[in-house]
Structures are given as C-alpha cells and as structure tokens.
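Notes follow the structure.
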Amino acid sequence: MITRDKLFIDGAWVASSGTKSIDVINSTTEEVMGSIPEGTKDDVDKAVAAAKAAFPAWSKTSVEERGKYLQRITEGLQARMGEIADVISKEVGMPLNMSNMIQAGLPLMTFGSMAGLLGTFEFEETIGNSLIVKEPVGVVGAITPWNYPLHQIALKVAPALAAGNTVVLKPSEVAPLNAFILADVINDVGLPNGVFNLVTGVGPVVGERIAEHPDVDMVSFTGSTRAGKRVSEVASQTIKRVALELGGKSPNIILEDADLSKAVPAGVGGAFLNSGQTCTALTRMIVPRSKLAEVEELATKAAEGYTPGDPFEATTRLGPLVSAAQQTRVRDYINKGIEEGAKLLTGGAEQPDGLEKGYFVSPTVFSNVTNDMTIAQEEIFGPVLSIIAYDTEEEAVQIANDTIYGLAGAVWGGDKDKATAVARQIRTGMVDVNGGGFNPMAPFGGFKQSGRGREAGKYGLEEFLEIKSMQL
C-alpha cells in the first residue's frame with residue numbers, strides 16, 4: 001500500500017486544504033494499491049501563486065544552470081527506474097519488461113535530451129535591425145493522462161523547465177503514484193521553491209481550475225478529444241496559450257506489394273501496444289481486397305500470440321486495461337462491432353480464460369469493417385483491430401483520411417519511394433514507413449481533432465517559448 005497524503009507546493013510537502021483522498025487501483029488484482037489527496041481549487045491557487053512568485057528568478061537563470069538541474073533530475077529518475085516501472089505496471093497494466101523500456105525509460109530520455117538540447121538551442125537570432133528573442137511563457141499548467149503517465153509528464157515538465165517556465169502539474173488520478181516519484185526526485189535535487197508544483201485531484205475540479213486560472217499563462221493537456229475541447233473552452237476566457245495532444249484513430253495502409261509476413265504482425269503490434277491504450281495505436285489496418293484472406297489469417301495468428309496475463313509474468317504480452325470503466329467501454333465497442341456486422345476473427349467481449357480477476361480484454365480482430373462503422377471511427381483505447389479492405393490506392397488514402405483525427409499512421413510497401421509518396425498524402429502529424437522506428441527527438445502531435453502543438457525535441461521546447469522582436 002502506497003499512501004501519499006501530501007501535495008508538493010512551493011518546495012514543500014503540504015496537506016491539501018480538502019479532507020478527501022482518492023484510491024489508486026491495481027489493474028491486475030482490482031485491489032487498492034495506494035491513495036492520494038483529492039486536491040481542491042484552493043490547492044491549485046496556492047500552487048499557481050508559488051509558481052508565479054518563482055517565475056521571475058527562474059526565468060533569469062542561465063541556460064547552463066537549467067541544464068544542470070535537468071541532468072540531476074535525469075540521474076534521480078535513473079536511480080529509481082525499477083521502482084517507476086513496477087508502480088506503473090501495477091497502475092496501468094503494461095507488462096514489466098515493456099514498462100522498464102517505455103514507462104521508465106522514455107521519461108529518463110526526455111529529461112536527458114532536454115538537458116542536452118539546451119547546449120545547442122538558439123534562443124536569439126538577428127533579422128535585419130531586429131533582435132528576435134525566445135522567452136519563457138510564464139506559469140505552465142500541465143494536465144496529463146494515465147496511459148503513459150510519467151512519459152507524458154516528462155514531455156511537458158522537462159521542456160517547460162528547460163525554457164525557463166514554472167510548472168503546476170495535475171497528473172491523472174487513475175495512475176498518479178509515479179508523479180510523486182518525480183516530485184521526490186525534484187525535491188532531492190533542490191530545484192528552487194515554486195518552480196515545480198504537484199496538485200492531484202479530479203479533472204472537473206483541479207484540471208478545470210488550472211485551465212481557467214488567470215495567472216496560468218499556458219496549459220499543456222494530453223487526453224481525450226472531449227476533455228481537450230473543454231480545456232480549450234475554459235482557457236479561452238483568458239486567451240492563454242493551449243497545447244493539446246488528443247485522440248487518434250490511426251490508419252495503417254498496407255500496399256499491394258508489401259511483405260505481408262512483416263507488415264501484418266507489425267501492424268497488430270502497433271495496435272496492441274500497452275493493451276491498445278495508446279493514442280497513436282494503428283487501429284485501422286487498410287489492406288488490398290485481393291489480399292484480405294491472407295491478411296486475416298496472419299492477423300489472427302499474430303493477435304492470438306498476445307497472451308493476456310499478469311504484467312509481472314515473463315510470458316505475458318498483453319496486460320489488463322487500466323480500470324473497470326475502461327474494460328466496460330472496450331467491451332461495449334466489441335459488441336457494437338458485432339452488432340454492426342463486422343466479422344469477428346478472434347477475441348471478443350468475454351473475460352479471457354483463466355483470468356477471473358483483472359480488467360482484461362482479449363486481443364480482438366475484426367474484418368469486413370467499413371469505415372462508417374463505429375469501431376472504425378471512434379477511439380476504443382483497447383486491444384481491438386479493424387481490418388478494412390480497399391480496391392485502389394486512391395481509395396486507401398481516402399479511407400485513411402476519413403476521420404476526425406489526424407495523429408499518426410503507417411504505410412507498408414515493397415517500394416519505399418512509393419510508400420513514402422502515399423505517406424505524404426495521409427493527413428496526420430506522424431507516419432511510419434515500413435516500420436520506421438520511434439524517434440524520441442522527432443515532433444509528436446497531430447492534425448485536426450488530434451490536437452495542436454508538438455511535443456519532444458526542439459519543437460517541444462519551442463512550444464513553451466514566446467517570441468519577442470526588439471528593433472535596434
């Protein structure tokens with residue numbers, strides 16, 4: 001049982017002004033594994049006041065000094081990688097070996113990369129008689145989700161601090177314990193009081209107050225498109241900057257000349273990572289109608305290799321979903337797919353055999369899906385793949401772009417140049433060609449209702465900077 005009964009505000013662990021707490025549930029055992037304070041609007045006000053007071057001094061620190069702090073945070077996280085992976089596997093359900101690499105490894109990489117980037121980033125340039133300077137925005141409110149909890153925190157906190165901003169963080173109340181580890185590390189490295197503040201609680205209270213607060217200069221939000229719309233609405237009243245990383249329904253176009261033995265299993269993996277609880281999940285596999293039967297066979301075989309089970313068992317490839325609510329949501333979508341006439345190849349809405357407890361959903365693959373079906377249009381956030389057939393390349397691109405979302409996508413083809421040409425036609429912020437590897441320094445973000453702004457690398461740093469021109 002992990003009990004965290006205080007918030008981190010102005011460089012100290014302090015009690016919430018409220019008296020309630022929130023239970024954190026182990027997604028595999030369905031038992032309470034911890035508790036956190038249910039923060040209040042007053043707690044947010046105190047944190048914002050601390051951040052505002054700390055901003056003038058922190059914004060004037062040298063790039064070198066900010067880089068040293070980020071490097072110390074990186075080292076602190078590295079020392080606690082095992083603990084971070086363990087906690088997140090219990091909170092979210094990702095298999096432990098994957099958590100070590102992704103849930104613990106990526107935040108480490110993000111803080112380290114921002115420390116390194118500060119050594120080369122140009123904060124000033126001259127255009128004619130003007131000096132163009134890039135300055136910190138001010139107080140940044142960061143509101144983060146539960147699926148990659150510490151990674152999403154790092155993508156906001158690291159560049160915000162690197163740019164010279166101060167931060168008020170609200171992590172997801174579903175998977176919040178990892179955020180306390182970061183706050184411990186920040187406290188240990190001696191970051192100046194008020195530069196980083198942690199307030200836990202629920203979105204309609206803590207998140208809403210952060211978004212509306214007149215002294216918060218920018219909100220960076222990752223989560224559902226529905227919640228992102230609300231953040232935008234509330235934040236618009238003070239015309240503050242808003243960065244949004246929202247939902248996705250990412251297409252995976254497999255061209256006629258693709259190597260199906262590689263493309264299909266890779267596509268299934270791209271749909272099922274983190275039990276499908278990934279905003280960039282490749283949930284729509286768009287395939288030539290002439291190859292449909294072969295794709296169905298390969299996809300079924302690949303999906304059935306994702307063994308559901310305890311994240312701490314070495315044989316597990318698919319952990320549980322994060323919560324009972326998420327499990328119900330995904331099962332409802334599976335039933336909807338069946339009702340609307342999709343062909344169920346494997347999986348289904350029933351609890352997997354041998355797993356009486358835990359928020360598990362079987363790896364599920366549908367075929368004969370048309371792009372007007374609910375399972376082809378709405379973000380499911382579970383291990384559910386839809387196979388959609390096409391007759392022409394132009395139709396494949398049309399299907400890929402026929403969505404409100406535009407976060408990620410993929411193309412597989414025997415001719416890399418042709419595959420790249422198709423990738424250029426997909427209206428998303430990111431596209432992988434022939435299994436191109438994840439690049440943590442490349443800009444991460446989407447088109448359309450997948451959000452606005454970019455995270456990671458130099459583009460992620462620029463999100464947290466204002467531009468001033470000085471005519472000399």
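Ordering of the structure tokens sets the chain letters (A, B, ...), residue numbers begin anew at 1 in every chain, and ligands are numbered from 1 in the order given.
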If we count only C-alpha atoms and set the cut-off at 9 Å, which residues sit around segment 17-20 of chain A, ignoring sequence neighbours fewer than 2 positions away in its own chain? Please answer as a PDB file with N, CA, C and O atoms, in the first residue's frame.
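What landed in out06.pdb:
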```
ATOM      1  N   ALA A  15      -0.195  19.500   3.314  1.00  0.00           N
ATOM      2  CA  ALA A  15      -1.522  18.893   3.310  1.00  0.00           C
ATOM      3  C   ALA A  15      -2.454  19.659   2.376  1.00  0.00           C
ATOM      4  O   ALA A  15      -2.343  20.879   2.224  1.00  0.00           O
ATOM      5  N   ILE A  22      -8.192   9.849  -2.804  1.00  0.00           N
ATOM      6  CA  ILE A  22      -8.592   9.043  -3.961  1.00  0.00           C
ATOM      7  C   ILE A  22      -7.814   7.732  -3.910  1.00  0.00           C
ATOM      8  O   ILE A  22      -6.588   7.733  -3.777  1.00  0.00           O
ATOM      9  N   ILE A  36      -4.072   8.951  -2.737  1.00  0.00           N
ATOM     10  CA  ILE A  36      -3.509  10.280  -2.957  1.00  0.00           C
ATOM     11  C   ILE A  36      -4.504  11.321  -2.479  1.00  0.00           C
ATOM     12  O   ILE A  36      -5.699  11.035  -2.350  1.00  0.00           O
ATOM     13  N   PRO A  37      -4.070  12.550  -2.237  1.00  0.00           N
ATOM     14  CA  PRO A  37      -5.018  13.592  -1.853  1.00  0.00           C
ATOM     15  C   PRO A  37      -5.943  13.966  -3.010  1.00  0.00           C
ATOM     16  O   PRO A  37      -5.517  14.009  -4.168  1.00  0.00           O
ATOM     17  N   GLU A  38      -7.202  14.226  -2.689  1.00  0.00           N
ATOM     18  CA  GLU A  38      -8.122  14.793  -3.671  1.00  0.00           C
ATOM     19  C   GLU A  38      -8.046  16.311  -3.529  1.00  0.00           C
ATOM     20  O   GLU A  38      -8.718  16.914  -2.690  1.00  0.00           O
ATOM     21  N   GLY A  39      -7.178  16.902  -4.337  1.00  0.00           N
ATOM     22  CA  GLY A  39      -6.898  18.319  -4.227  1.00  0.00           C
ATOM     23  C   GLY A  39      -8.103  19.190  -4.538  1.00  0.00           C
ATOM     24  O   GLY A  39      -9.090  18.750  -5.129  1.00  0.00           O
ATOM     25  N   THR A  40      -7.995  20.454  -4.153  1.00  0.00           N
ATOM     26  CA  THR A  40      -9.092  21.418  -4.292  1.00  0.00           C
ATOM     27  C   THR A  40      -8.661  22.605  -5.152  1.00  0.00           C
ATOM     28  O   THR A  40      -7.487  22.760  -5.483  1.00  0.00           O
ATOM     29  N   LYS A  41      -9.629  23.464  -5.449  1.00  0.00           N
ATOM     30  CA  LYS A  41      -9.308  24.698  -6.167  1.00  0.00           C
ATOM     31  C   LYS A  41      -8.371  25.572  -5.344  1.00  0.00           C
ATOM     32  O   LYS A  41      -7.487  26.237  -5.902  1.00  0.00           O
ATOM     33  N   ASP A  42      -8.536  25.576  -4.041  1.00  0.00           N
ATOM     34  CA  ASP A  42      -7.630  26.348  -3.175  1.00  0.00           C
ATOM     35  C   ASP A  42      -6.190  25.838  -3.297  1.00  0.00           C
ATOM     36  O   ASP A  42      -5.246  26.636  -3.292  1.00  0.00           O
ATOM     37  N   ASP A  43      -6.044  24.522  -3.398  1.00  0.00           N
ATOM     38  CA  ASP A  43      -4.699  23.955  -3.569  1.00  0.00           C
ATOM     39  C   ASP A  43      -4.076  24.439  -4.878  1.00  0.00           C
ATOM     40  O   ASP A  43      -2.884  24.769  -4.932  1.00  0.00           O
TER      41      ASP A  43
END
```
> Could you pull out all residues of segment 112-183 of chain A with a DSSP call of strand (DSSP E) and give them as a PyMOL selection string?
Replying inline: chain A and resi 124-127+130-136+139-143+166-170
Kindly export the residues of the current selection with N, CA and C atoms, as a compact mmCIF listing (two decimals), in the first residue's frame.
```txt
# COMPACT_ATOMS: atom_id res chain seq x y z
N GLU A 124 18.22 33.22 -29.46
CA GLU A 124 18.21 34.54 -30.09
C GLU A 124 18.67 34.44 -31.53
N GLU A 125 18.17 35.34 -32.38
CA GLU A 125 18.66 35.48 -33.74
C GLU A 125 18.44 36.92 -34.19
N THR A 126 19.20 37.32 -35.20
CA THR A 126 19.08 38.68 -35.73
C THR A 126 18.46 38.63 -37.11
N ILE A 127 17.44 39.45 -37.34
CA ILE A 127 16.84 39.62 -38.66
C ILE A 127 16.86 41.11 -38.97
N SER A 130 16.52 43.80 -36.26
CA SER A 130 15.75 43.27 -35.13
C SER A 130 16.48 42.12 -34.45
N LEU A 131 16.45 42.16 -33.14
CA LEU A 131 16.92 41.03 -32.34
C LEU A 131 15.69 40.23 -31.93
N ILE A 132 15.63 38.97 -32.34
CA ILE A 132 14.50 38.10 -32.03
C ILE A 132 14.90 37.22 -30.86
N VAL A 133 14.15 37.34 -29.77
CA VAL A 133 14.48 36.55 -28.57
C VAL A 133 13.30 35.63 -28.24
N LYS A 134 13.65 34.44 -27.79
CA LYS A 134 12.65 33.46 -27.38
C LYS A 134 12.66 33.38 -25.85
N GLU A 135 11.54 33.75 -25.25
CA GLU A 135 11.46 33.86 -23.80
C GLU A 135 10.43 32.88 -23.24
N PRO A 136 10.57 32.48 -21.98
CA PRO A 136 9.58 31.58 -21.38
C PRO A 136 8.20 32.19 -21.32
N VAL A 139 3.87 30.84 -16.23
CA VAL A 139 3.38 29.71 -15.44
C VAL A 139 2.67 28.74 -16.37
N VAL A 140 3.13 27.49 -16.37
CA VAL A 140 2.57 26.46 -17.24
C VAL A 140 1.75 25.49 -16.40
N GLY A 141 0.51 25.27 -16.80
CA GLY A 141 -0.30 24.23 -16.20
C GLY A 141 -0.22 22.98 -17.06
N ALA A 142 0.21 21.87 -16.48
CA ALA A 142 0.36 20.62 -17.22
C ALA A 142 -0.67 19.62 -16.70
N ILE A 143 -1.52 19.12 -17.61
CA ILE A 143 -2.57 18.16 -17.25
C ILE A 143 -2.32 16.91 -18.07
N THR A 166 7.81 28.08 -14.97
CA THR A 166 7.47 27.35 -13.76
C THR A 166 6.22 26.52 -14.04
N VAL A 167 5.99 25.47 -13.23
CA VAL A 167 5.01 24.46 -13.59
C VAL A 167 4.09 24.12 -12.43
N VAL A 168 2.80 23.93 -12.77
CA VAL A 168 1.83 23.30 -11.87
C VAL A 168 1.32 22.06 -12.59
N LEU A 169 1.59 20.89 -12.02
CA LEU A 169 1.24 19.62 -12.66
C LEU A 169 0.04 18.99 -11.99
N LYS A 170 -0.94 18.57 -12.83
CA LYS A 170 -2.03 17.70 -12.38
C LYS A 170 -1.93 16.39 -13.16
```
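Straight-line separation from atom CA of Leu298 of chain A to atom CA of Val268 of chain A: 9.4 Å.
Closest approach to Met441 of chain A among A:Lys343, A:Lys357, A:Arg454, A:Lys229: A:Arg454, based on only C-alpha atoms.
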>> Among segment 86-332 of chain A, which ones does DSSP assign to helix (DSSP H, G or I) (computed from the backbone)? Answer as a PyMOL selection string.
In response: chain A and resi 86-92+96-101+105-117+149-163+177-189+203-212+225-238+260-276+289-304+324-332
> Pick from A:Met81, A:Ala175, A:Val92, A:Ile2: nearest to Gly201 of chain A, with only C-alpha atoms counted?
Replying inline: A:Ala175
>> I want to know what sits within 9 Å of Leu273 of chain A, based on only C-alpha atoms, with residues of the same chain fewer than 5 positions away left out; could you give that as a ChimeraX atom specification?
In response: /A:94,268,278,281,318,383
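Closest approach to Gly451 of chain A among A:Thr222, A:Ser236, A:Ser250, A:Ser62: A:Thr222, based on only C-alpha atoms.
When the distance limit is 8 Å and only C-alpha atoms are what count, the residues near segment 63-72 of chain A, minus those fewer than 4 positions from it on the same chain, are Gly76, Phe111, Gly112, Met114, Ala115, Gly116, Leu118, Gly119, Ala158, Leu161, Ala162, Gly164, Val189 and Leu191 of chain A.
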If you keep N, CA, C and O atoms, can you produce a file of those selected residues as a JSON list (two decimals), in the first residue's frame?
```json
[["chain", "number", "residue", "atom", "x", "y", "z"],
["A", 76, "GLY", "N", 18.38, 11.24, -11.06],
["A", 76, "GLY", "CA", 17.50, 10.80, -9.98],
["A", 76, "GLY", "C", 16.46, 9.80, -10.46],
["A", 76, "GLY", "O", 16.16, 8.81, -9.77],
["A", 111, "PHE", "N", 14.01, 13.93, -20.19],
["A", 111, "PHE", "CA", 14.72, 14.90, -19.34],
["A", 111, "PHE", "C", 16.18, 15.03, -19.79],
["A", 111, "PHE", "O", 16.72, 16.15, -19.86],
["A", 112, "GLY", "N", 16.82, 13.91, -20.11],
["A", 112, "GLY", "CA", 18.20, 13.97, -20.57],
["A", 112, "GLY", "C", 18.36, 14.70, -21.88],
["A", 112, "GLY", "O", 19.31, 15.48, -22.07],
["A", 114, "MET", "N", 16.44, 17.06, -23.09],
["A", 114, "MET", "CA", 16.24, 18.50, -22.91],
["A", 114, "MET", "C", 17.48, 19.14, -22.30],
["A", 114, "MET", "O", 17.85, 20.26, -22.67],
["A", 115, "ALA", "N", 18.13, 18.45, -21.40],
["A", 115, "ALA", "CA", 19.38, 18.97, -20.84],
["A", 115, "ALA", "C", 20.41, 19.13, -21.95],
["A", 115, "ALA", "O", 21.12, 20.15, -22.02],
["A", 116, "GLY", "N", 20.50, 18.15, -22.85],
["A", 116, "GLY", "CA", 21.45, 18.23, -23.95],
["A", 116, "GLY", "C", 21.08, 19.28, -24.98],
["A", 116, "GLY", "O", 21.94, 19.98, -25.51],
["A", 118, "LEU", "N", 19.60, 22.07, -24.60],
["A", 118, "LEU", "CA", 19.88, 23.44, -24.16],
["A", 118, "LEU", "C", 21.28, 23.90, -24.58],
["A", 118, "LEU", "O", 21.52, 25.11, -24.70],
["A", 119, "GLY", "N", 22.18, 22.96, -24.80],
["A", 119, "GLY", "CA", 23.53, 23.34, -25.20],
["A", 119, "GLY", "C", 23.63, 23.82, -26.64],
["A", 119, "GLY", "O", 24.62, 24.47, -27.01],
["A", 158, "ALA", "N", 9.71, 18.67, -18.57],
["A", 158, "ALA", "CA", 11.12, 18.86, -18.96],
["A", 158, "ALA", "C", 11.32, 20.07, -19.87],
["A", 158, "ALA", "O", 12.14, 20.94, -19.58],
["A", 161, "LEU", "N", 10.48, 23.48, -18.01],
["A", 161, "LEU", "CA", 11.56, 23.91, -17.12],
["A", 161, "LEU", "C", 12.77, 24.35, -17.92],
["A", 161, "LEU", "O", 13.42, 25.36, -17.59],
["A", 162, "ALA", "N", 13.09, 23.62, -18.98],
["A", 162, "ALA", "CA", 14.24, 23.97, -19.81],
["A", 162, "ALA", "C", 14.09, 25.37, -20.40],
["A", 162, "ALA", "O", 15.07, 26.12, -20.52],
["A", 164, "GLY", "N", 12.57, 27.82, -19.05],
["A", 164, "GLY", "CA", 12.57, 28.85, -18.02],
["A", 164, "GLY", "C", 11.21, 29.14, -17.42],
["A", 164, "GLY", "O", 11.01, 30.14, -16.74],
["A", 189, "VAL", "N", 16.87, 17.13, -5.71],
["A", 189, "VAL", "CA", 17.92, 17.85, -6.45],
["A", 189, "VAL", "C", 17.94, 19.33, -6.10],
["A", 189, "VAL", "O", 18.82, 20.07, -6.55],
["A", 191, "LEU", "N", 15.61, 21.83, -6.72],
["A", 191, "LEU", "CA", 15.04, 22.83, -7.62],
["A", 191, "LEU", "C", 14.44, 23.96, -6.78],
["A", 191, "LEU", "O", 13.81, 23.70, -5.75]]
```
Please identify every residue of segment 345-428 of chain A that has at least one atom no farther than 8 Å from an atom of segment 331-341 of chain A, counting only C-alpha atoms, and for each give the shortest atom pair and the distance in Å to one decimal, arranged by chain then increasing number, as a Markdown table.
```
| residue | atom | partner | partner_atom | distance |
| --- | --- | --- | --- | --- |
| A:Gly348 | CA | A:Ile334 | CA | 6.4 |
| A:Ala349 | CA | A:Arg331 | CA | 4.8 |
| A:Glu350 | CA | A:Arg331 | CA | 7.8 |
| A:Val361 | CA | A:Arg331 | CA | 7.4 |
| A:Phe366 | CA | A:Gly337 | CA | 7.8 |
| A:Asn368 | CA | A:Gly341 | CA | 8.0 |
| A:Val369 | CA | A:Gly341 | CA | 7.9 |
| A:Met373 | CA | A:Glu340 | CA | 6.8 |
| A:Thr374 | CA | A:Gly337 | CA | 7.0 |
| A:Ile375 | CA | A:Gly337 | CA | 5.9 |
| A:Ile380 | CA | A:Tyr333 | CA | 6.8 |
| A:Val384 | CA | A:Ile334 | CA | 7.6 |
```
